[in-house]
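Structure file final30.csv; described as CSV, C-alpha atoms and all ligand atoms.
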chain,number,residue,atom,x,y,z
W,1,MET,CA,-22.8,34.7,14.3
W,2,VAL,CA,-21.7,31.3,15.6
W,3,THR,CA,-22.8,30.6,19.2
W,4,LEU,CA,-20.3,28.5,21.2
W,5,GLY,CA,-20.0,26.7,24.5
W,6,GLN,CA,-16.7,26.1,26.2
W,7,VAL,CA,-15.6,23.5,28.7
W,8,GLY,CA,-12.4,23.9,30.8
W,9,LEU,CA,-11.3,27.3,32.2
W,10,GLY,CA,-8.0,26.5,33.8
W,11,TYR,CA,-4.7,27.9,32.7
W,12,TRP,CA,-5.3,27.8,28.9
W,13,GLY,CA,-9.0,28.0,28.5
W,14,PRO,CA,-9.3,31.8,29.3
W,15,ASN,CA,-7.0,32.6,26.3
W,16,LEU,CA,-9.4,30.8,23.9
W,17,LEU,CA,-12.4,32.4,25.6
W,18,ARG,CA,-10.9,35.9,25.1
W,19,ASN,CA,-10.1,35.2,21.5
W,20,PHE,CA,-13.4,33.6,20.5
W,21,ASN,CA,-15.3,36.5,22.2
W,22,GLY,CA,-13.0,38.9,20.4
W,23,LEU,CA,-14.2,37.7,17.0
W,24,ALA,CA,-17.0,39.6,15.3
W,25,GLN,CA,-18.7,36.4,14.1
W,26,ALA,CA,-18.6,34.4,17.4
W,27,ARG,CA,-19.8,34.6,20.9
W,28,VAL,CA,-19.3,32.1,23.8
W,29,LYS,CA,-22.7,31.8,25.3
W,30,VAL,CA,-22.1,29.3,28.0
W,31,CYS,CA,-19.0,28.1,29.9
W,32,CYS,CA,-18.5,24.9,32.0
W,33,ASP,CA,-15.9,24.0,34.5
W,34,LEU,CA,-15.9,21.7,37.6
W,35,ASP,CA,-14.2,24.4,39.5
W,36,GLY,CA,-16.6,27.1,40.8
W,37,ALA,CA,-13.8,29.7,41.3
W,38,ALA,CA,-12.7,29.4,37.6
W,39,LEU,CA,-16.2,29.8,36.5
W,40,ARG,CA,-16.9,32.9,38.7
W,41,ARG,CA,-13.7,34.5,37.3
W,42,ALA,CA,-14.8,34.0,33.7
W,43,GLY,CA,-18.4,35.0,34.6
W,44,SER,CA,-17.3,38.3,36.1
W,45,GLN,CA,-15.3,39.1,33.0
W,46,TYR,CA,-18.2,38.3,30.6
W,47,PRO,CA,-21.4,39.2,32.6
W,48,GLY,CA,-23.8,38.1,29.9
W,49,MET,CA,-22.3,34.6,29.6
W,50,ALA,CA,-23.9,31.6,31.4
W,51,ILE,CA,-21.7,29.5,33.7
W,52,THR,CA,-22.4,26.0,34.8
W,53,THR,CA,-20.6,23.0,36.5
W,54,SER,CA,-22.8,20.7,34.4
W,55,TYR,CA,-21.6,19.8,30.9
W,56,ALA,CA,-25.0,18.3,30.2
W,57,ASP,CA,-26.5,21.7,30.8
W,58,LEU,CA,-24.1,23.2,28.2
W,59,LEU,CA,-25.1,20.5,25.7
W,60,ASP,CA,-28.8,21.0,26.4
W,61,ASP,CA,-28.6,24.6,25.1
W,62,PRO,CA,-30.0,24.4,21.6
W,63,GLU,CA,-28.4,27.6,20.5
W,64,VAL,CA,-24.9,26.2,21.0
W,65,GLU,CA,-23.5,25.2,17.6
W,66,GLY,CA,-19.9,24.6,18.5
W,67,VAL,CA,-18.1,23.4,21.6
W,68,ILE,CA,-14.5,24.4,22.6
W,69,VAL,CA,-12.8,21.7,24.7
W,70,THR,CA,-10.1,23.1,26.9
W,71,ALA,CA,-10.3,20.6,29.7
W,72,PRO,CA,-7.2,18.5,30.5
W,73,THR,CA,-6.2,15.9,27.8
W,74,PRO,CA,-7.6,12.8,29.6
W,75,ALA,CA,-11.1,14.4,29.3
W,76,HIS,CA,-10.8,15.4,25.6
W,77,TYR,CA,-12.3,12.2,24.2
W,78,GLU,CA,-15.4,12.0,26.3
W,79,LEU,CA,-16.2,15.7,26.1
W,80,ALA,CA,-15.6,15.9,22.3
W,81,LYS,CA,-17.6,12.7,21.7
W,82,ALA,CA,-20.6,13.9,23.6
W,83,ALA,CA,-20.5,17.2,21.7
W,84,LEU,CA,-20.3,15.5,18.3
W,85,LEU,CA,-23.0,13.1,19.2
W,86,THR,CA,-25.4,16.0,19.9
W,87,GLY,CA,-24.5,17.5,16.4
W,88,ARG,CA,-22.0,20.1,17.5
W,89,HIS,CA,-18.9,21.3,15.8
W,90,VAL,CA,-15.8,20.8,18.0
W,91,PHE,CA,-12.6,22.6,18.7
W,92,VAL,CA,-10.4,20.4,20.9
W,93,GLU,CA,-7.1,21.4,22.4
W,94,LYS,CA,-4.0,19.4,21.6
W,95,PRO,CA,-3.4,16.5,21.7
W,96,ILE,CA,-6.8,15.4,20.4
W,97,ALA,CA,-7.0,12.4,22.7
W,98,LEU,CA,-4.8,10.0,24.6
W,99,ALA,CA,-5.3,7.0,22.2
W,100,VAL,CA,-5.3,6.8,18.4
W,101,ALA,CA,-8.4,4.5,18.5
W,102,GLU,CA,-10.3,7.2,20.4
W,103,ALA,CA,-9.2,10.0,18.1
W,104,GLU,CA,-10.2,7.9,15.0
W,105,GLU,CA,-13.6,7.5,16.5
W,106,LEU,CA,-14.0,11.2,16.9
W,107,VAL,CA,-12.9,11.7,13.3
W,108,ALA,CA,-15.4,9.2,12.1
W,109,LEU,CA,-18.2,10.8,14.1
W,110,ALA,CA,-17.5,14.2,12.8
W,111,GLU,CA,-17.3,13.0,9.2
W,112,ALA,CA,-20.5,11.0,9.5
W,113,ARG,CA,-22.4,14.0,10.8
W,114,GLY,CA,-20.7,16.6,8.6
W,115,ARG,CA,-19.4,18.5,11.6
W,116,VAL,CA,-16.1,20.5,11.9
W,117,LEU,CA,-13.5,18.8,14.1
W,118,MET,CA,-10.5,21.0,14.7
W,119,VAL,CA,-7.4,20.4,16.9
W,120,GLY,CA,-5.5,23.3,18.6
W,121,HIS,CA,-2.2,22.8,16.8
W,122,LEU,CA,-1.6,26.5,17.3
W,123,LEU,CA,1.7,26.8,15.5
W,124,MET,CA,0.2,25.9,12.2
W,125,TYR,CA,-1.6,29.2,12.4
W,126,HIS,CA,1.5,31.2,13.3
W,127,PRO,CA,2.2,33.7,10.5
W,128,ALA,CA,6.0,32.9,10.5
W,129,VAL,CA,5.2,29.1,10.1
W,130,THR,CA,2.8,30.0,7.3
W,131,ARG,CA,5.6,31.9,5.6
W,132,LEU,CA,8.1,29.0,6.2
W,133,LYS,CA,5.7,26.6,4.7
W,134,GLN,CA,5.4,28.7,1.6
W,135,MET,CA,9.2,28.8,1.3
W,136,VAL,CA,9.5,25.0,1.7
W,137,ASP,CA,6.7,24.4,-0.8
W,138,SER,CA,8.1,26.8,-3.4
W,139,GLY,CA,11.5,25.2,-3.2
W,140,GLU,CA,13.2,28.4,-1.9
W,141,LEU,CA,15.1,26.4,0.6
W,142,GLY,CA,16.0,23.8,-2.0
W,143,GLU,CA,15.6,20.2,-1.0
W,144,VAL,CA,14.8,20.1,2.8
W,145,TYR,CA,17.3,17.8,4.5
W,146,TYR,CA,16.2,17.9,8.1
W,147,LEU,CA,14.7,20.1,10.8
W,148,TYR,CA,15.0,20.3,14.5
W,149,ALA,CA,13.0,22.0,17.2
W,150,SER,CA,13.5,23.1,20.8
W,151,ARG,CA,10.8,24.0,23.2
W,152,LEU,CA,12.4,24.6,26.6
W,153,ASN,CA,11.6,26.5,29.7
W,154,LEU,CA,11.5,26.2,33.5
W,155,GLY,CA,7.9,25.1,34.1
W,156,GLN,CA,5.1,24.5,33.6
W,157,VAL,CA,5.6,21.1,35.3
W,158,ARG,CA,2.6,18.8,34.7
W,159,ARG,CA,1.5,15.9,36.9
W,160,SER,CA,-0.9,14.1,34.5
W,161,GLU,CA,1.4,14.0,31.5
W,162,ASN,CA,5.1,14.0,30.6
W,163,ALA,CA,7.0,16.8,28.8
W,164,MET,CA,6.5,15.0,25.4
W,165,TRP,CA,2.7,14.9,25.7
W,166,SER,CA,2.6,18.5,27.0
W,167,LEU,CA,5.0,20.3,24.8
W,168,ALA,CA,5.9,18.2,21.7
W,169,PRO,CA,2.5,18.2,19.9
W,170,HIS,CA,3.3,21.7,18.6
W,171,ASP,CA,6.6,20.8,17.1
W,172,ILE,CA,5.4,17.5,15.8
W,173,SER,CA,2.5,19.2,14.0
W,174,VAL,CA,4.9,21.8,12.4
W,175,ALA,CA,7.3,19.0,11.3
W,176,LEU,CA,4.5,17.0,9.6
W,177,TYR,CA,3.1,20.2,8.1
W,178,LEU,CA,6.4,21.5,6.7
W,179,LEU,CA,7.6,18.1,5.4
W,180,GLY,CA,4.2,17.0,4.2
W,181,GLU,CA,4.7,13.4,5.3
W,182,GLU,CA,4.3,11.1,8.3
W,183,PRO,CA,7.4,9.5,9.8
W,184,GLU,CA,8.2,5.8,9.5
W,185,THR,CA,9.9,5.5,12.9
W,186,VAL,CA,9.9,7.5,16.1
W,187,ALA,CA,12.6,7.2,18.8
W,188,ALA,CA,12.3,9.0,22.1
W,189,GLN,CA,14.6,9.2,25.1
W,190,GLY,CA,13.5,10.7,28.3
W,191,LEU,CA,15.2,12.1,31.4
W,192,THR,CA,13.2,11.9,34.7
W,193,TYR,CA,14.1,13.8,37.8
W,194,LEU,CA,11.1,15.5,39.5
W,195,GLN,CA,8.3,13.0,39.5
W,196,PRO,CA,8.7,9.2,39.2
W,197,GLY,CA,7.7,7.9,35.7
W,198,ILE,CA,7.2,11.4,34.2
W,199,PRO,CA,10.1,12.5,32.0
W,200,ASP,CA,10.9,16.2,32.4
W,201,THR,CA,13.1,16.3,29.3
W,202,VAL,CA,12.5,14.3,26.1
W,203,PHE,CA,14.6,14.0,22.9
W,204,LEU,CA,12.5,12.7,20.0
W,205,THR,CA,13.7,11.7,16.6
W,206,LEU,CA,11.3,11.2,13.6
W,207,ARG,CA,12.6,9.5,10.5
W,208,PHE,CA,10.8,9.7,7.2
W,209,SER,CA,10.8,7.3,4.2
W,210,SER,CA,12.1,10.2,2.1
W,211,GLY,CA,15.3,10.1,4.2
W,212,ARG,CA,14.5,13.3,5.9
W,213,ALA,CA,14.5,13.6,9.7
W,214,ALA,CA,13.0,15.8,12.4
W,215,HIS,CA,14.4,16.1,15.9
W,216,VAL,CA,12.4,17.6,18.8
W,217,HIS,CA,13.9,18.5,22.2
W,218,VAL,CA,11.3,19.5,24.8
W,219,SER,CA,11.8,20.2,28.5
W,220,TRP,CA,10.2,22.0,31.5
W,221,LEU,CA,13.5,21.7,33.4
W,222,ASP,CA,15.7,24.1,31.5
W,223,PRO,CA,17.2,27.5,32.4
W,224,HIS,CA,16.4,29.0,29.0
W,225,LYS,CA,13.1,29.9,27.4
W,226,VAL,CA,13.6,28.6,23.9
W,227,ARG,CA,11.0,28.1,21.1
W,228,ARG,CA,13.0,27.6,18.0
W,229,ILE,CA,12.7,25.5,14.8
W,230,THR,CA,15.6,25.3,12.3
W,231,VAL,CA,15.0,23.9,8.8
W,232,VAL,CA,18.1,23.0,6.8
W,233,GLY,CA,17.7,22.9,3.1
W,234,SER,CA,20.2,22.3,0.3
W,235,GLN,CA,20.0,26.0,-0.9
W,236,LYS,CA,19.0,27.9,2.2
W,237,MET,CA,18.5,27.4,5.9
W,238,ALA,CA,15.7,29.0,8.0
W,239,VAL,CA,15.3,29.6,11.7
W,240,PHE,CA,11.9,30.4,13.3
W,241,ASP,CA,12.5,31.9,16.7
W,242,ASP,CA,9.2,32.5,18.5
W,243,VAL,CA,10.9,34.1,21.5
W,244,ASP,CA,12.3,36.9,19.4
W,245,SER,CA,9.6,39.6,19.5
W,246,THR,CA,10.3,41.2,16.1
W,247,GLU,CA,12.6,39.0,14.0
W,248,LYS,CA,10.7,35.7,14.2
W,249,LEU,CA,12.1,34.3,10.9
W,250,ARG,CA,15.6,34.4,9.6
W,251,ILE,CA,16.7,33.0,6.3
W,252,TYR,CA,20.4,32.1,5.9
W,253,ASP,CA,21.6,31.9,2.3
W,254,LYS,CA,24.1,29.3,3.2
W,255,GLY,CA,24.8,25.9,2.0
W,256,VAL,CA,27.4,23.3,0.8
W,257,GLN,CA,27.9,22.8,-2.9
W,258,ARG,CA,28.6,19.3,-4.0
W,259,PRO,CA,30.6,18.8,-7.2
W,260,ALA,CA,28.4,17.7,-10.2
W,261,TYR,CA,30.4,14.4,-10.4
W,262,ASP,CA,33.0,13.0,-8.1
W,263,SER,CA,36.5,13.3,-9.4
W,264,TYR,CA,39.9,13.3,-7.8
W,265,GLY,CA,40.5,16.8,-6.4
W,266,ASP,CA,36.9,17.9,-6.3
W,267,SER,CA,35.8,19.1,-2.9
W,268,LEU,CA,32.7,20.4,-1.2
W,269,SER,CA,32.6,24.1,-1.3
W,270,LEU,CA,30.9,26.1,1.4
W,271,ARG,CA,28.7,29.1,0.5
W,272,PHE,CA,28.1,31.9,2.9
W,273,GLY,CA,25.5,34.3,1.6
W,274,ASP,CA,23.2,37.0,3.1
W,275,ILE,CA,21.0,36.6,6.1
W,276,SER,CA,17.6,38.0,5.5
W,277,ILE,CA,14.6,38.7,7.8
W,278,PRO,CA,11.3,38.5,5.9
W,279,ARG,CA,8.7,41.0,6.8
W,280,ILE,CA,5.8,39.1,8.4
W,281,ASP,CA,2.4,40.6,9.1
W,282,MET,CA,2.4,39.5,12.7
W,283,ARG,CA,-1.1,38.8,14.1
W,284,GLU,CA,-1.9,36.8,17.2
W,285,PRO,CA,-1.7,33.1,16.2
W,286,LEU,CA,-4.5,32.2,18.7
W,287,ARG,CA,-6.8,34.8,17.1
W,288,LEU,CA,-6.1,33.3,13.6
W,289,GLU,CA,-6.7,29.8,14.9
W,290,CYS,CA,-10.1,30.8,16.4
W,291,GLN,CA,-11.0,32.7,13.3
W,292,HIS,CA,-10.2,29.6,11.2
W,293,PHE,CA,-12.6,27.4,13.3
W,294,ILE,CA,-15.4,29.9,12.8
W,295,ASP,CA,-14.7,30.2,9.0
W,296,CYS,CA,-14.7,26.5,8.6
W,297,ILE,CA,-18.1,26.3,10.3
W,298,ALA,CA,-19.5,29.1,8.2
W,299,ASN,CA,-18.1,27.8,4.9
W,300,GLY,CA,-18.3,24.0,5.5
W,301,GLN,CA,-14.5,23.8,5.1
W,302,ARG,CA,-12.1,21.2,6.5
W,303,PRO,CA,-9.7,22.8,9.0
W,304,LEU,CA,-5.9,22.8,8.4
W,305,SER,CA,-5.5,21.1,11.7
W,306,ASP,CA,-8.5,18.8,11.3
W,307,GLY,CA,-9.2,15.6,13.2
W,308,ARG,CA,-7.1,13.5,10.8
W,309,ASN,CA,-4.2,15.8,11.5
W,310,GLY,CA,-4.8,15.3,15.2
W,311,VAL,CA,-4.6,11.6,14.6
W,312,GLN,CA,-1.3,11.9,12.7
W,313,VAL,CA,0.2,13.9,15.6
W,314,LEU,CA,-1.2,11.4,18.1
W,315,ARG,CA,0.3,8.5,16.2
W,316,VAL,CA,3.8,10.0,16.7
W,317,LEU,CA,3.1,10.6,20.4
W,318,GLU,CA,1.9,7.1,20.9
W,319,ALA,CA,5.0,5.7,19.2
W,320,GLY,CA,7.2,8.1,21.1
W,321,GLN,CA,5.6,6.9,24.4
W,322,ARG,CA,6.3,3.3,23.5
W,323,SER,CA,9.9,4.2,22.6
W,324,LEU,CA,10.3,6.0,25.9
W,325,GLU,CA,9.2,2.8,27.6
W,326,LEU,CA,11.7,0.8,25.5
W,327,GLY,CA,14.6,3.1,26.6
W,328,GLY,CA,14.8,4.9,23.3
W,329,GLU,CA,14.4,2.1,20.8
W,330,PRO,CA,13.0,3.3,17.4
W,331,VAL,CA,9.3,2.3,17.1
W,332,VAL,CA,7.7,1.8,13.7
W,333,LEU,CA,4.6,3.9,13.3
W,334,GLU,CA,1.3,2.1,12.8
W,335,ARG,CA,-0.4,3.2,9.6
W,336,GLY,CA,-4.0,4.3,9.5
W,401,LIG,N1,-2.2,25.4,22.6
W,401,LIG,C1,-1.4,25.6,23.6
W,401,LIG,O1,-0.4,26.3,23.5
W,401,LIG,C2,-1.8,25.1,24.9
W,401,LIG,C3,-1.2,25.6,26.1
W,401,LIG,C4,-1.5,25.1,27.3
W,401,LIG,C5,-2.5,24.0,27.4
W,401,LIG,N2,-3.0,23.5,26.3
W,401,LIG,C6,-4.0,22.4,26.3
W,401,LIG,O2,-5.2,23.0,26.9
W,401,LIG,C7,-5.8,21.9,27.7
W,401,LIG,C8,-6.1,22.4,29.1
W,401,LIG,O3,-4.8,22.7,29.7
W,401,LIG,P1,-4.7,23.6,31.0
W,401,LIG,O4,-3.2,23.9,31.2
W,401,LIG,O5,-5.6,24.8,30.9
W,401,LIG,O6,-5.2,22.7,32.1
W,401,LIG,P2,-5.7,23.1,33.6
W,401,LIG,O7,-5.6,21.9,34.4
W,401,LIG,O8,-5.0,24.3,34.0
W,401,LIG,O9,-7.2,23.5,33.4
W,401,LIG,C9,-8.2,22.6,33.0
W,401,LIG,C10,-9.6,23.0,33.5
W,401,LIG,O10,-10.6,22.1,33.1
W,401,LIG,C11,-11.4,21.8,34.2
W,401,LIG,N3,-12.0,20.5,34.0
W,401,LIG,C12,-11.4,19.3,34.1
W,401,LIG,N4,-12.2,18.3,33.8
W,401,LIG,C13,-13.4,18.8,33.5
W,401,LIG,C14,-14.6,18.3,33.1
W,401,LIG,N5,-14.8,17.0,32.9
W,401,LIG,N6,-15.6,19.2,32.9
W,401,LIG,C15,-15.5,20.5,33.0
W,401,LIG,N7,-14.3,21.1,33.4
W,401,LIG,C16,-13.2,20.2,33.6
W,401,LIG,C17,-10.6,21.9,35.5
W,401,LIG,O11,-11.4,22.2,36.6
W,401,LIG,C18,-9.7,23.1,35.1
W,401,LIG,O12,-10.2,24.4,35.4
W,401,LIG,C19,-4.9,20.7,27.6
W,401,LIG,O13,-5.4,19.9,26.6
W,401,LIG,C20,-3.6,21.3,27.2
W,401,LIG,O14,-2.8,20.4,26.4
W,401,LIG,C21,-2.7,24.1,25.1
Reformat the file's structure so that it appears as structure tokens.
Ligand SMILES: NC(=O)c1ccc[n+]([C@@H]2O[C@H](COP(=O)([O-])OP(=O)(O)OC[C@H]3O[C@@H](n4cnc5c(N)ncnc54)[C@H](O)[C@@H]3O)[C@@H](O)[C@H]2O)c1
Amino acid sequence: MVTLGQVGLGYWGPNLLRNFNGLAQARVKVCCDLDGAALRRAGSQYPGMAITTSYADLLDDPEVEGVIVTAPTPAHYELAKAALLTGRHVFVEKPIALAVAEAEELVALAEARGRVLMVGHLLMYHPAVTRLKQMVDSGELGEVYYLYASRLNLGQVRRSENAMWSLAPHDISVALYLLGEEPETVAAQGLTYLQPGIPDTVFLTLRFSSGRAAHVHVSWLDPHKVRRITVVGSQKMAVFDDVDSTEKLRIYDKGVQRPAYDSYGDSLSLRFGDISIPRIDMREPLRLECQHFIDCIANGQRPLSDGRNGVQVLRVLEAGQRSLELGGEPVVLERG
């Protein structure tokens, strides 16, 4: 049984609280928030759980082995650092921090102390993404040419971060996971309507040294709820649609055949094969994510979305932010 403390019980925190408490091998013993009403709500749901407005009190509890950080992103670094410094394992929501230097410090702290540091890149635990990753790695799609992702909806409009920081970490984490490489350049264009200086819609293009590319379109100002990732390979194409309740993954046996060698009269031939829907054992990604954190603590494993993965995603966000400020100019990624 792993005993946990959690900090931050706003919009997202209660979902993690429910899932960690739903695991047989974990319990959240103490919760902290600055907002008394949020604390009382959680306290009435889990009567045995201690509640406090003091993070120091949470860290003072010697039974707490791991800390779940679900406070807003600007607070991630300080809260996660304090937990690591007192020898706790840390699960921190995405993005890991606001600056790469801060995130790297968290990674170094966790590694020096042999603690688990995991970032909430939720989609990496989605069964459909796991299946897609197997298909990419086994070569079933052929050579992956490019992928593009859309994460659109009306709301939730944030005040402390733009649409890229709020929504794109998910798609960036999946792009890096599927392609298995970090981009060389990032270009981002933003459209700002609701609040000065906070883009509501962002178009992000990642270019990789392999020649592959990933495009991410995020927006909280859109009439459609879209959560879709399309992967185009030389043999097959795959679409992951997280809004579809039953058919999350579709595989299109479509492609374009190139002639073996170019000669006069040779032309590209289009291939239209079957569309298949793989059967996926759908379990709640959030539950799988929470279970993974507990398993990593129990077995001393490195999480799939560990601190280093958090830094990789953050590097893309930082470069994207610089590109936004440069009006969309591609920015070369700094290497770690
Ligand atoms: N994985 C996902 O799909 C997903 C979805 C939504 C949000 N998130 C992430 O979860 C985090 C929280 O987002 P949210 O939408 O719940 O934010 P929120 O503003 O709704 O809630 C944050 C809560 O943290 C509390 N808080 C702030 N600073 C604190 C501090 N220093 N100590 C204790 N409590 C503090 C606030 O009182 C509030 O109750 C963010 O990092 C966000 O990116 C992840």
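Of the listed residues (W:Gln321, W:Ser234, W:Thr3, W:Asn162), W:Asn162 comes nearest to Thr192 in chain W; the distances count all atoms listed in the file.
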Could I get the residue neighbourhood of ligand LIG 401 (chain W) at 10 Å, counting all atoms listed in the file, as a ChimeraX atom specification?
/W:6-16,31-39,52-56,69-76,78-79,92-97,119-123,156,158-161,165-167,169-170,286,289
Taking all atoms listed in the file into account, name the residue in W:Glu182, W:Glu140, W:Asp57, W:Glu65 that is nearest to Ile251 in chain W.
W:Glu140
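Nearest to Arg115 in chain W of all the residues W:Leu147, W:Cys296, W:Ala82, W:Ala24 is W:Cys296, counting all atoms listed in the file.
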Distance cut-off 7 Å, centre (14.4, 26.4, 23.7) in file coordinates, counting all atoms listed in the file: which residues qualify? Return them as a ChimeraX atom specification.
/W:150-153,224-228
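Taking CA of Leu17 in chain W and CA of Met118 in chain W as the two end points, the separation is 15.9 Å.
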Using all atoms listed in the file, find each residue of range 126-176 of chain W with at least one atom at most 10 Å away from an atom of range 299-315 of chain W; report its shortest atom-to-atom pair and that distance in Å (one decimal), sort the rows by chain and rising residue number, and return the result as CSV.
residue,atom,partner,partner_atom,distance
W:Trp165,CA,W:Leu314,CA,9.2
W:Ala168,CA,W:Val313,CA,9.4
W:Pro169,CA,W:Val313,CA,6.5
W:His170,CA,W:Val313,CA,8.9
W:Asp171,CA,W:Val313,CA,9.5
W:Ile172,CA,W:Val313,CA,6.3
W:Ser173,CA,W:Val313,CA,6.0
W:Val174,CA,W:Val313,CA,9.7
W:Ala175,CA,W:Val313,CA,9.7
W:Leu176,CA,W:Val313,CA,8.0
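Candidate residues W:Pro278, W:Leu4, W:Tyr148, W:Gln195 were compared for distance to Arg131 in chain W, and the nearest is W:Pro278, using all atoms listed in the file.
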